[in-house]
>>> print(open('query.pdb').read())   # PDB, C-alpha atoms, pLDDT in the B column
ATOM      1  CA  MET E   1      21.961 -16.918  51.571  1.00 78.00           C
ATOM      2  CA  GLY E   2      25.312 -17.087  49.801  1.00 91.00           C
ATOM      3  CA  TRP E   3      25.864 -18.033  46.178  1.00 94.00           C
ATOM      4  CA  GLN E   4      26.900 -21.547  47.193  1.00 93.00           C
ATOM      5  CA  ASP E   5      23.403 -22.174  48.508  1.00 94.00           C
ATOM      6  CA  GLN E   6      22.006 -21.715  45.025  1.00 95.00           C
ATOM      7  CA  TYR E   7      24.815 -22.736  42.700  1.00 96.00           C
ATOM      8  CA  ARG E   8      27.472 -25.406  42.724  1.00 95.00           C
ATOM      9  CA  LEU E   9      30.942 -25.264  41.210  1.00 96.00           C
ATOM     10  CA  ILE E  10      31.656 -28.189  38.875  1.00 96.00           C
ATOM     11  CA  GLY E  11      34.607 -29.359  36.803  1.00 96.00           C
ATOM     12  CA  ILE E  12      37.115 -27.046  38.444  1.00 97.00           C
ATOM     13  CA  GLU E  13      38.693 -26.521  41.839  1.00 97.00           C
ATOM     14  CA  PRO E  14      37.481 -23.515  43.812  1.00 97.00           C
ATOM     15  CA  GLY E  15      39.569 -20.699  42.399  1.00 97.00           C
ATOM     16  CA  ARG E  16      39.981 -18.154  39.657  1.00 98.00           C
ATOM     17  CA  VAL E  17      38.271 -18.041  36.281  1.00 98.00           C
ATOM     18  CA  LYS E  18      38.597 -15.084  33.957  1.00 98.00           C
ATOM     19  CA  THR E  19      35.162 -14.262  32.650  1.00 97.00           C
ATOM     20  CA  SER E  20      34.240 -11.980  29.796  1.00 94.00           C
ATOM     21  CA  ARG E  21      31.630 -10.096  31.794  1.00 93.00           C
ATOM     22  CA  PHE E  22      33.242  -9.656  35.207  1.00 96.00           C
ATOM     23  CA  GLY E  23      36.964 -10.213  34.681  1.00 96.00           C
ATOM     24  CA  VAL E  24      38.686 -12.614  37.073  1.00 97.00           C
ATOM     25  CA  VAL E  25      36.212 -14.194  39.487  1.00 98.00           C
ATOM     26  CA  ASP E  26      37.532 -16.196  42.449  1.00 98.00           C
ATOM     27  CA  PHE E  27      35.103 -19.003  43.172  1.00 97.00           C
ATOM     28  CA  ALA E  28      36.911 -19.773  46.404  1.00 97.00           C
ATOM     29  CA  ASP E  29      35.215 -16.676  47.803  1.00 97.00           C
ATOM     30  CA  PRO E  30      31.931 -17.638  49.494  1.00 95.00           C
ATOM     31  CA  ASP E  31      30.858 -14.005  49.508  1.00 96.00           C
ATOM     32  CA  LEU E  32      30.604 -13.471  45.761  1.00 96.00           C
ATOM     33  CA  PRO E  33      27.470 -11.500  44.887  1.00 96.00           C
ATOM     34  CA  VAL E  34      24.670 -13.917  44.085  1.00 95.00           C
ATOM     35  CA  GLY E  35      23.508 -11.720  41.208  1.00 95.00           C
ATOM     36  CA  MET E  36      26.911 -11.957  39.561  1.00 97.00           C
ATOM     37  CA  VAL E  37      27.014 -15.739  39.888  1.00 96.00           C
ATOM     38  CA  LYS E  38      23.462 -15.928  38.539  1.00 95.00           C
ATOM     39  CA  THR E  39      24.481 -13.881  35.494  1.00 97.00           C
ATOM     40  CA  LEU E  40      27.489 -16.136  34.892  1.00 97.00           C
ATOM     41  CA  TYR E  41      25.346 -19.241  35.207  1.00 96.00           C
ATOM     42  CA  GLU E  42      22.754 -17.868  32.807  1.00 96.00           C
ATOM     43  CA  SER E  43      25.443 -16.874  30.315  1.00 95.00           C
ATOM     44  CA  GLY E  44      26.530 -20.506  30.124  1.00 95.00           C
ATOM     45  CA  LEU E  45      29.720 -20.575  32.173  1.00 97.00           C
ATOM     46  CA  PRO E  46      30.531 -24.302  32.175  1.00 96.00           C
ATOM     47  CA  TYR E  47      31.672 -24.395  35.804  1.00 97.00           C
ATOM     48  CA  LEU E  48      28.338 -23.641  37.450  1.00 96.00           C
ATOM     49  CA  GLU E  49      25.197 -25.638  37.997  1.00 95.00           C
ATOM     50  CA  LEU E  50      22.148 -25.144  40.113  1.00 95.00           C
ATOM     51  CA  ALA E  51      22.509 -26.634  43.565  1.00 92.00           C
ATOM     52  CA  PRO E  52      20.175 -29.584  44.026  1.00 84.00           C
ATOM     53  CA  GLU E  53      17.285 -28.815  46.358  1.00 66.00           C
ATOM     54  CA  GLY E  54      18.545 -31.368  48.837  1.00 45.00           C
ATOM     55  CA  GLU E  55      21.734 -29.414  49.282  1.00 56.00           C
ATOM     56  CA  LEU E  56      20.038 -26.154  50.029  1.00 54.00           C
ATOM     57  CA  ARG E  57      20.556 -25.208  53.611  1.00 54.00           C
ATOM     58  CA  PRO E  58      17.263 -25.346  55.521  1.00 51.00           C
ATOM     59  CA  PRO E  59      16.169 -22.108  57.148  1.00 49.00           C
ATOM     60  CA  GLU E  60      17.341 -21.780  60.715  1.00 48.00           C
ATOM     61  CA  GLU E  61      14.729 -22.975  63.191  1.00 53.00           C
ATOM     62  CA  LYS E  62      14.262 -20.965  66.325  1.00 51.00           C
ATOM     63  CA  PRO E  63      13.981 -23.101  69.454  1.00 52.00           C
ATOM     64  CA  VAL E  64      10.533 -22.896  70.975  1.00 52.00           C
ATOM     65  CA  LYS E  65      10.452 -22.658  74.746  1.00 52.00           C
ATOM     66  CA  GLY E  66       7.779 -24.061  77.032  1.00 49.00           C
ATOM     67  CA  PRO E  67       6.933 -27.352  78.710  1.00 48.00           C
ATOM     68  CA  GLY E  68       4.217 -28.198  76.222  1.00 44.00           C
ATOM     69  CA  ASN E  69       6.647 -28.410  73.362  1.00 45.00           C
ATOM     70  CA  LYS E  70       8.794 -31.227  74.611  1.00 43.00           C
ATOM     71  CA  ALA E  71       8.744 -34.216  72.449  1.00 42.00           C
ATOM     72  CA  SER E  72       6.884 -37.022  74.117  1.00 42.00           C
ATOM     73  CA  PRO E  73       7.881 -40.648  73.661  1.00 43.00           C
ATOM     74  CA  ARG E  74       5.793 -42.506  71.174  1.00 46.00           C
ATOM     75  CA  LYS E  75       3.355 -44.842  72.767  1.00 43.00           C
ATOM     76  CA  ALA E  76       3.379 -48.430  71.788  1.00 43.00           C
ATOM     77  CA  THR E  77       0.147 -49.524  70.232  1.00 41.00           C
TER
ATOM     78  CA  MET S   1      25.380 -16.114   4.198  1.00 82.00           C
ATOM     79  CA  ASP S   2      23.357 -12.919   4.434  1.00 85.00           C
ATOM     80  CA  PHE S   3      25.743 -10.074   3.860  1.00 88.00           C
ATOM     81  CA  ALA S   4      25.029  -6.761   5.495  1.00 87.00           C
ATOM     82  CA  ASP S   5      26.150  -3.153   5.407  1.00 89.00           C
ATOM     83  CA  ILE S   6      29.194  -2.504   7.547  1.00 90.00           C
ATOM     84  CA  GLY S   7      29.402   0.903   9.133  1.00 89.00           C
ATOM     85  CA  LYS S   8      31.703   2.421  11.701  1.00 89.00           C
ATOM     86  CA  LEU S   9      31.625  -0.340  14.266  1.00 89.00           C
ATOM     87  CA  LEU S  10      33.110   1.377  17.279  1.00 89.00           C
ATOM     88  CA  SER S  11      31.409   0.922  20.604  1.00 84.00           C
ATOM     89  CA  ASP S  12      31.102   4.397  22.152  1.00 86.00           C
ATOM     90  CA  GLY S  13      33.960   5.525  19.924  1.00 88.00           C
ATOM     91  CA  ARG S  14      36.471   3.317  21.717  1.00 90.00           C
ATOM     92  CA  ASN S  15      39.254   1.808  19.653  1.00 91.00           C
ATOM     93  CA  LEU S  16      42.423   1.757  21.731  1.00 92.00           C
ATOM     94  CA  GLY S  17      45.150  -0.321  20.132  1.00 94.00           C
ATOM     95  CA  GLY S  18      47.422  -2.899  21.673  1.00 96.00           C
ATOM     96  CA  LEU S  19      47.054  -5.870  23.945  1.00 97.00           C
ATOM     97  CA  GLY S  20      46.572  -6.027  27.683  1.00 96.00           C
ATOM     98  CA  GLN S  21      49.518  -6.807  29.921  1.00 97.00           C
ATOM     99  CA  LYS S  22      48.449 -10.361  30.705  1.00 97.00           C
ATOM    100  CA  ILE S  23      48.675 -13.109  28.118  1.00 97.00           C
ATOM    101  CA  TYR S  24      47.164 -16.498  28.917  1.00 98.00           C
ATOM    102  CA  PHE S  25      48.834 -19.729  27.866  1.00 98.00           C
ATOM    103  CA  GLY S  26      48.547 -23.466  28.296  1.00 98.00           C
ATOM    104  CA  LEU S  27      49.526 -26.748  26.734  1.00 98.00           C
ATOM    105  CA  TRP S  28      47.570 -27.832  23.684  1.00 98.00           C
ATOM    106  CA  ASN S  29      47.472 -31.425  24.953  1.00 98.00           C
ATOM    107  CA  ASP S  30      45.907 -30.291  28.232  1.00 98.00           C
ATOM    108  CA  VAL S  31      42.744 -28.974  26.586  1.00 98.00           C
ATOM    109  CA  ALA S  32      39.659 -31.083  27.245  1.00 97.00           C
ATOM    110  CA  THR S  33      37.064 -29.245  25.150  1.00 97.00           C
ATOM    111  CA  TRP S  34      37.273 -26.504  22.563  1.00 98.00           C
ATOM    112  CA  PRO S  35      34.840 -23.752  21.685  1.00 97.00           C
ATOM    113  CA  THR S  36      32.943 -24.477  18.513  1.00 96.00           C
ATOM    114  CA  GLU S  37      33.314 -22.714  15.211  1.00 94.00           C
ATOM    115  CA  PRO S  38      30.218 -21.366  13.478  1.00 92.00           C
ATOM    116  CA  ASP S  39      28.513 -23.961  11.325  1.00 89.00           C
ATOM    117  CA  SER S  40      27.086 -22.516   8.099  1.00 85.00           C
ATOM    118  CA  PRO S  41      26.597 -19.079   9.669  1.00 82.00           C
ATOM    119  CA  LEU S  42      23.836 -16.922   8.258  1.00 82.00           C
ATOM    120  CA  SER S  43      25.191 -13.584   9.412  1.00 89.00           C
ATOM    121  CA  LEU S  44      28.555 -11.845   9.498  1.00 91.00           C
ATOM    122  CA  ASP S  45      28.395 -11.529  13.297  1.00 87.00           C
ATOM    123  CA  VAL S  46      27.991 -15.246  13.778  1.00 90.00           C
ATOM    124  CA  ALA S  47      30.690 -15.981  11.203  1.00 91.00           C
ATOM    125  CA  GLY S  48      33.281 -14.134  13.266  1.00 93.00           C
ATOM    126  CA  ALA S  49      32.946 -15.637  16.730  1.00 94.00           C
ATOM    127  CA  LEU S  50      33.527 -18.927  18.477  1.00 96.00           C
ATOM    128  CA  THR S  51      30.850 -20.318  20.759  1.00 95.00           C
ATOM    129  CA  GLY S  52      31.467 -21.824  24.184  1.00 96.00           C
ATOM    130  CA  ASP S  53      34.456 -22.133  26.458  1.00 97.00           C
ATOM    131  CA  ILE S  54      37.816 -23.790  26.426  1.00 98.00           C
ATOM    132  CA  THR S  55      38.083 -26.302  29.288  1.00 97.00           C
ATOM    133  CA  MET S  56      41.081 -28.232  30.540  1.00 98.00           C
ATOM    134  CA  LYS S  57      41.730 -31.847  31.478  1.00 98.00           C
ATOM    135  CA  PRO S  58      41.682 -32.770  35.189  1.00 97.00           C
ATOM    136  CA  GLY S  59      44.604 -31.250  37.057  1.00 98.00           C
ATOM    137  CA  LYS S  60      45.399 -28.814  34.230  1.00 98.00           C
ATOM    138  CA  ARG S  61      44.757 -25.116  33.826  1.00 98.00           C
ATOM    139  CA  MET S  62      45.831 -22.032  31.892  1.00 98.00           C
ATOM    140  CA  TYR S  63      48.460 -19.587  33.162  1.00 98.00           C
ATOM    141  CA  GLU S  64      49.179 -15.880  33.029  1.00 97.00           C
ATOM    142  CA  LEU S  65      52.265 -14.387  31.389  1.00 97.00           C
ATOM    143  CA  TYR S  66      53.078 -10.771  32.175  1.00 97.00           C
ATOM    144  CA  THR S  67      54.192  -8.601  29.290  1.00 96.00           C
ATOM    145  CA  THR S  68      55.586  -5.081  29.350  1.00 95.00           C
ATOM    146  CA  GLU S  69      53.072  -2.350  28.499  1.00 94.00           C
ATOM    147  CA  ASP S  70      52.813  -1.605  24.782  1.00 94.00           C
ATOM    148  CA  SER S  71      55.211  -4.435  23.978  1.00 93.00           C
ATOM    149  CA  ALA S  72      52.699  -7.113  23.025  1.00 95.00           C
ATOM    150  CA  ARG S  73      50.805  -7.303  19.787  1.00 97.00           C
ATOM    151  CA  LEU S  74      48.772  -9.702  17.690  1.00 97.00           C
ATOM    152  CA  ASP S  75      49.395  -9.636  13.956  1.00 97.00           C
ATOM    153  CA  ILE S  76      46.949 -11.146  11.496  1.00 97.00           C
ATOM    154  CA  ASN S  77      48.528 -12.050   8.181  1.00 97.00           C
ATOM    155  CA  PRO S  78      46.823 -13.748   5.229  1.00 96.00           C
ATOM    156  CA  ILE S  79      48.632 -16.832   3.960  1.00 97.00           C
ATOM    157  CA  GLY S  80      48.173 -19.447   1.270  1.00 95.00           C
ATOM    158  CA  GLU S  81      47.708 -19.736  -2.441  1.00 95.00           C
ATOM    159  CA  GLU S  82      44.665 -18.631  -4.378  1.00 95.00           C
ATOM    160  CA  GLY S  83      41.894 -21.020  -3.487  1.00 95.00           C
ATOM    161  CA  GLY S  84      43.586 -21.959  -0.246  1.00 95.00           C
ATOM    162  CA  LYS S  85      43.745 -18.721   1.678  1.00 96.00           C
ATOM    163  CA  GLY S  86      43.996 -18.711   5.419  1.00 96.00           C
ATOM    164  CA  TYR S  87      45.599 -16.690   8.184  1.00 97.00           C
ATOM    165  CA  GLU S  88      48.617 -16.756  10.405  1.00 98.00           C
ATOM    166  CA  LEU S  89      48.195 -15.150  13.792  1.00 98.00           C
ATOM    167  CA  THR S  90      51.447 -14.067  15.376  1.00 98.00           C
ATOM    168  CA  LEU S  91      51.476 -13.140  19.036  1.00 98.00           C
ATOM    169  CA  LYS S  92      54.470 -11.087  20.109  1.00 97.00           C
ATOM    170  CA  VAL S  93      55.221 -10.479  23.776  1.00 97.00           C
ATOM    171  CA  PHE S  94      58.056  -9.034  25.815  1.00 96.00           C
ATOM    172  CA  ALA S  95      58.614 -10.409  29.319  1.00 96.00           C
ATOM    173  CA  PRO S  96      60.964  -8.083  31.229  1.00 96.00           C
ATOM    174  CA  GLY S  97      63.992  -9.376  33.093  1.00 94.00           C
ATOM    175  CA  LEU S  98      65.930 -12.572  32.678  1.00 93.00           C
ATOM    176  CA  ASN S  99      64.630 -14.351  35.730  1.00 95.00           C
ATOM    177  CA  LYS S 100      65.302 -18.087  35.794  1.00 96.00           C
ATOM    178  CA  LYS S 101      61.545 -18.690  35.707  1.00 95.00           C
ATOM    179  CA  LEU S 102      61.381 -16.854  32.377  1.00 94.00           C
ATOM    180  CA  LEU S 103      64.371 -18.752  31.031  1.00 95.00           C
ATOM    181  CA  GLY S 104      62.676 -21.954  32.107  1.00 96.00           C
ATOM    182  CA  PHE S 105      59.494 -20.902  30.320  1.00 95.00           C
ATOM    183  CA  MET S 106      61.406 -20.337  27.101  1.00 93.00           C
ATOM    184  CA  ASN S 107      63.238 -23.652  27.481  1.00 94.00           C
ATOM    185  CA  ALA S 108      60.019 -25.528  28.144  1.00 95.00           C
ATOM    186  CA  THR S 109      57.962 -24.003  25.344  1.00 94.00           C
ATOM    187  CA  LYS S 110      60.396 -23.730  22.436  1.00 94.00           C
ATOM    188  CA  ASN S 111      59.342 -27.051  20.931  1.00 96.00           C
ATOM    189  CA  GLU S 112      55.992 -27.457  22.637  1.00 97.00           C
ATOM    190  CA  ASP S 113      52.444 -27.432  21.312  1.00 98.00           C
ATOM    191  CA  LEU S 114      50.787 -24.460  22.973  1.00 98.00           C
ATOM    192  CA  ILE S 115      47.612 -22.433  23.157  1.00 98.00           C
ATOM    193  CA  PHE S 116      47.326 -18.728  23.886  1.00 98.00           C
ATOM    194  CA  ILE S 117      44.536 -16.309  24.614  1.00 98.00           C
ATOM    195  CA  ALA S 118      45.325 -12.650  24.080  1.00 98.00           C
ATOM    196  CA  GLU S 119      42.977  -9.855  25.096  1.00 97.00           C
ATOM    197  CA  ASP S 120      43.156  -6.506  23.373  1.00 96.00           C
ATOM    198  CA  ASN S 121      42.502  -3.148  24.951  1.00 95.00           C
ATOM    199  CA  GLN S 122      38.843  -3.361  23.920  1.00 93.00           C
ATOM    200  CA  ASN S 123      38.463  -6.553  25.986  1.00 94.00           C
ATOM    201  CA  GLN S 124      38.153  -8.640  22.834  1.00 96.00           C
ATOM    202  CA  LYS S 125      39.874 -12.001  23.097  1.00 98.00           C
ATOM    203  CA  TYR S 126      41.626 -14.135  20.494  1.00 98.00           C
ATOM    204  CA  LEU S 127      42.397 -17.823  20.832  1.00 98.00           C
ATOM    205  CA  LEU S 128      45.546 -19.182  19.226  1.00 98.00           C
ATOM    206  CA  GLY S 129      45.048 -22.920  18.923  1.00 98.00           C
ATOM    207  CA  CYS S 130      42.204 -25.208  17.945  1.00 97.00           C
ATOM    208  CA  GLU S 131      41.413 -28.892  18.049  1.00 96.00           C
ATOM    209  CA  LEU S 132      43.529 -29.486  14.944  1.00 96.00           C
ATOM    210  CA  ARG S 133      46.435 -27.123  15.354  1.00 97.00           C
ATOM    211  CA  SER S 134      48.510 -25.630  18.154  1.00 98.00           C
ATOM    212  CA  ALA S 135      50.454 -22.394  18.485  1.00 98.00           C
ATOM    213  CA  LYS S 136      54.223 -22.680  18.191  1.00 97.00           C
ATOM    214  CA  PHE S 137      57.187 -20.657  19.344  1.00 95.00           C
ATOM    215  CA  SER S 138      58.424 -18.977  16.175  1.00 94.00           C
ATOM    216  CA  ALA S 139      60.948 -16.265  17.012  1.00 90.00           C
ATOM    217  CA  GLY S 140      62.731 -14.544  19.856  1.00 87.00           C
ATOM    218  CA  GLU S 141      63.170 -10.970  18.720  1.00 85.00           C
ATOM    219  CA  GLY S 142      64.653  -8.622  21.286  1.00 88.00           C
ATOM    220  CA  SER S 143      65.669 -11.320  23.742  1.00 92.00           C
ATOM    221  CA  GLY S 144      68.781 -10.783  25.821  1.00 92.00           C
ATOM    222  CA  THR S 145      70.507  -8.233  28.002  1.00 92.00           C
ATOM    223  CA  GLY S 146      70.305  -5.246  25.675  1.00 90.00           C
ATOM    224  CA  SER S 147      73.489  -3.416  24.734  1.00 90.00           C
ATOM    225  CA  THR S 148      73.275  -0.145  26.624  1.00 92.00           C
ATOM    226  CA  THR S 149      71.975   1.115  29.929  1.00 92.00           C
ATOM    227  CA  ASP S 150      69.126   2.723  27.959  1.00 90.00           C
ATOM    228  CA  GLY S 151      68.091  -0.716  26.815  1.00 90.00           C
ATOM    229  CA  ARG S 152      66.286  -3.443  28.672  1.00 93.00           C
ATOM    230  CA  ARG S 153      66.807  -7.031  29.624  1.00 94.00           C
ATOM    231  CA  GLY S 154      64.142  -9.524  28.847  1.00 95.00           C
ATOM    232  CA  LEU S 155      62.649 -12.104  26.550  1.00 95.00           C
ATOM    233  CA  GLY S 156      60.900 -11.124  23.363  1.00 95.00           C
ATOM    234  CA  MET S 157      58.923 -14.068  22.094  1.00 96.00           C
ATOM    235  CA  SER S 158      56.698 -14.706  19.112  1.00 96.00           C
ATOM    236  CA  PHE S 159      54.183 -17.508  18.791  1.00 97.00           C
ATOM    237  CA  ALA S 160      52.449 -18.377  15.551  1.00 98.00           C
ATOM    238  CA  TYR S 161      49.187 -20.170  14.816  1.00 98.00           C
ATOM    239  CA  ARG S 162      47.732 -20.914  11.403  1.00 97.00           C
ATOM    240  CA  THR S 163      44.012 -21.111  10.859  1.00 96.00           C
ATOM    241  CA  HIS S 164      41.455 -21.111   8.070  1.00 95.00           C
ATOM    242  CA  SER S 165      39.314 -18.411   9.698  1.00 95.00           C
ATOM    243  CA  LEU S 166      39.426 -15.523  12.142  1.00 96.00           C
ATOM    244  CA  TYR S 167      37.290 -15.571  15.260  1.00 96.00           C
ATOM    245  CA  GLU S 168      36.711 -13.672  18.438  1.00 97.00           C
ATOM    246  CA  TYR S 169      36.838 -15.860  21.540  1.00 98.00           C
ATOM    247  CA  THR S 170      33.983 -15.014  23.882  1.00 96.00           C
ATOM    248  CA  GLY S 171      34.425 -17.728  26.497  1.00 97.00           C
ATOM    249  CA  SER S 172      36.134 -17.900  29.862  1.00 98.00           C
ATOM    250  CA  ILE S 173      39.746 -18.636  30.799  1.00 98.00           C
ATOM    251  CA  PRO S 174      40.269 -21.334  33.458  1.00 98.00           C
ATOM    252  CA  LEU S 175      43.013 -20.149  35.807  1.00 98.00           C
ATOM    253  CA  THR S 176      42.323 -22.928  38.305  1.00 98.00           C
ATOM    254  CA  ALA S 177      42.920 -26.619  37.760  1.00 98.00           C
ATOM    255  CA  ALA S 178      40.095 -28.683  36.381  1.00 98.00           C
ATOM    256  CA  VAL S 179      38.815 -31.660  38.341  1.00 96.00           C
ATOM    257  CA  THR S 180      37.205 -34.882  37.228  1.00 89.00           C
ATOM    258  CA  PRO S 181      33.518 -34.155  36.627  1.00 74.00           C
TER
END
>>> encode(input="query.pdb", output="structure tokens")
Amino acid sequence: MGWQDQYRLIGIEPGRVKTSRFGVVDFADPDLPVGMVKTLYESGLPYLELAPEGELRPPEEKPVKGPGNKASPRKAT
Amino acid sequence: MDFADIGKLLSDGRNLGGLGQKIYFGLWNDVATWPTEPDSPLSLDVAGALTGDITMKPGKRMYELYTTEDSARLDINPIGEEGGKGYELTLKVFAPGLNKKLLGFMNATKNEDLIFIAEDNQNQKYLLGCELRSAKFSAGEGSGTGSTTDGRRGLGMSFAYRTHSLYEYTGSIPLTAAVTP
């Protein structure tokens, strides 16, 4: 999972912020280390918030093969 | 205030002088929120640092200004009468060359209300500007073409900011435009 799955950028366009701990950080980069973003969030950087659970990407589901797994139409009752 | 002993406060013996080669500036009117000053601090550490970050209004950001190595400095000078002492911070920079972008910068800032953040060679930052007062262009020492081929072309600029107290700025510097929350 990338940092954008756990944190959301707020109040600023995706781009550069000079931080005291890590120097210039480019939040347009989706591959920033999650640990670094976590540290910035915990230190109170005002441009990060936790991503709401609803925005977390669901884990990839592997397709299950076999005739018994086809969805059957719901029967009217 | 609880005073304390003050020893040799050098981290790992480091104490390199001078400022870094990037100075950060912006317009005072573009600031949305300011870091807060200590309120009735109980320790010397707390009394010498701002808390929080400077943030900008939507569409606004801070910018970098390159300065020649060992040509920038921040001077801290006490000012005021007895009973009304304060400080004047003077930031001096030298931008090499006389590029039209530099000339435009000088034209645009000479009468403007500004803010600056300067970082020294120990990574300690200083904010010139607060909610009440801006930094102002104050002098242009060393600006011009130089007189000999041993000299240098460029703009030497000084910016001054007056404040009641001295603080370290520990927040971030927004180099990307803010957006509406």
>>> interface_residues(input="query.pdb", of="chain E", to="chain S", cutoff="7 Å", atoms="only C-alpha atoms", output="compact mmCIF listing (two decimals) with C-alpha atoms, in the coordinates of the input")
# COMPACT_ATOMS: atom_id res chain seq x y z
CA ILE E 10 31.66 -28.19 38.88
CA GLY E 11 34.61 -29.36 36.80
CA ILE E 12 37.12 -27.05 38.44
CA GLU E 13 38.69 -26.52 41.84
CA GLY E 15 39.57 -20.70 42.40
CA ARG E 16 39.98 -18.15 39.66
CA VAL E 17 38.27 -18.04 36.28
CA LYS E 18 38.60 -15.08 33.96
CA THR E 19 35.16 -14.26 32.65
CA SER E 20 34.24 -11.98 29.80
>>> atom_distance(input="query.pdb", atom1="atom CA of S:Tyr87", atom2="atom CA of S:Asn107")
27.1 Å
>>> resolve_selection(input="query.pdb", expression="the PyMOL selection byres ((chain E and resi 39) around 12)", output="ChimeraX atom specification")
/E:3,7,19-22,32-38,40-45,48
>>> resolve_selection(input="query.pdb", expression="the PyMOL selection byres ((chain S and resi 134) around 10)", output="list in words")
Leu27, Trp28, Asn29, Glu112, Asp113, Leu114, Ile115, Phe116, Leu128, Gly129, Cys130, Glu131, Leu132, Arg133, Ala135, Lys136, Phe159, Ala160, Tyr161, Arg162 and Thr163 of chain S
>>> atom_distance(input="query.pdb", atom1="atom CA of E:Glu49", atom2="atom CA of E:Leu9")
6.6 Å
>>> closest_residue(input="query.pdb", among="E:Gly23, E:Ala28, E:Pro14, E:Arg8", to="E:Leu50", atoms="only C-alpha atoms")
E:Arg8
>>> atom_distance(input="query.pdb", atom1="atom CA of S:Gln122", atom2="atom CA of S:Leu155")
25.5 Å
>>> resolve_selection(input="query.pdb", expression="the PyMOL selection byres ((chain S and resi 63) around 6)", output="ChimeraX atom specification")
/S:24-25,62,64
>>> closest_residue(input="query.pdb", among="S:Asn77, S:Thr33, S:Ser147, S:Ser11", to="S:Ser165", atoms="all atoms listed in the file")
S:Asn77
>>> axis_aligned_box(input="query.pdb", around="stretch 20-34 of chain E", padding_each_side="3 Å", output="JSON")
{"center_x": 31.7, "center_y": -14.7, "center_z": 39.7, "size_x": 20.0, "size_y": 16.1, "size_z": 25.7}
>>> closest_residue(input="query.pdb", among="S:Arg14, S:Lys100, S:Lys92, S:Lys110", to="S:Ser158", atoms="all atoms listed in the file")
S:Lys92
>>> closest_residue(input="query.pdb", among="S:Ala118, S:Leu166, S:Leu103, S:Val93", to="S:Gly48", atoms="all atoms listed in the file")
S:Leu166
>>> decode(input="query.pdb", residues="stretch 19-23 of chain S", atoms="all heavy atoms", output="short mmCIF file (atom, residue, chain, number, x, y, z; two decimals), in the first residue's frame")
data_model
loop_
_atom_site.label_atom_id
_atom_site.label_comp_id
_atom_site.auth_asym_id
_atom_site.auth_seq_id
_atom_site.Cartn_x
_atom_site.Cartn_y
_atom_site.Cartn_z
N LEU S 19 24.22 31.38 6.42
CA LEU S 19 22.90 30.89 6.00
C LEU S 19 23.05 29.94 4.82
O LEU S 19 24.05 29.98 4.09
CB LEU S 19 22.00 32.06 5.58
CG LEU S 19 21.60 33.05 6.67
CD1 LEU S 19 20.78 34.18 6.06
CD2 LEU S 19 20.81 32.36 7.78
N GLY S 20 22.04 29.13 4.62
CA GLY S 20 21.99 28.28 3.44
C GLY S 20 21.79 29.12 2.19
O GLY S 20 21.55 30.34 2.26
N GLN S 21 21.88 28.47 1.05
CA GLN S 21 21.84 29.21 -0.22
C GLN S 21 20.43 29.37 -0.79
O GLN S 21 20.28 29.83 -1.92
CB GLN S 21 22.75 28.54 -1.23
CG GLN S 21 24.21 28.76 -0.93
CD GLN S 21 25.11 28.27 -2.03
OE1 GLN S 21 25.81 27.29 -1.87
NE2 GLN S 21 25.05 28.94 -3.17
N LYS S 22 19.43 28.97 -0.03
CA LYS S 22 18.05 29.22 -0.44
C LYS S 22 17.35 30.01 0.66
O LYS S 22 17.33 29.60 1.82
CB LYS S 22 17.31 27.92 -0.71
CG LYS S 22 17.74 27.23 -1.99
CD LYS S 22 16.97 25.94 -2.18
CE LYS S 22 17.43 25.25 -3.46
NZ LYS S 22 16.81 23.90 -3.60
N ILE S 23 16.79 31.13 0.26
CA ILE S 23 15.99 31.96 1.15
C ILE S 23 14.54 31.82 0.67
O ILE S 23 14.28 31.74 -0.53
CB ILE S 23 16.42 33.44 1.06
CG1 ILE S 23 17.93 33.58 1.33
CG2 ILE S 23 15.61 34.30 2.01
CD1 ILE S 23 18.37 33.21 2.71
#
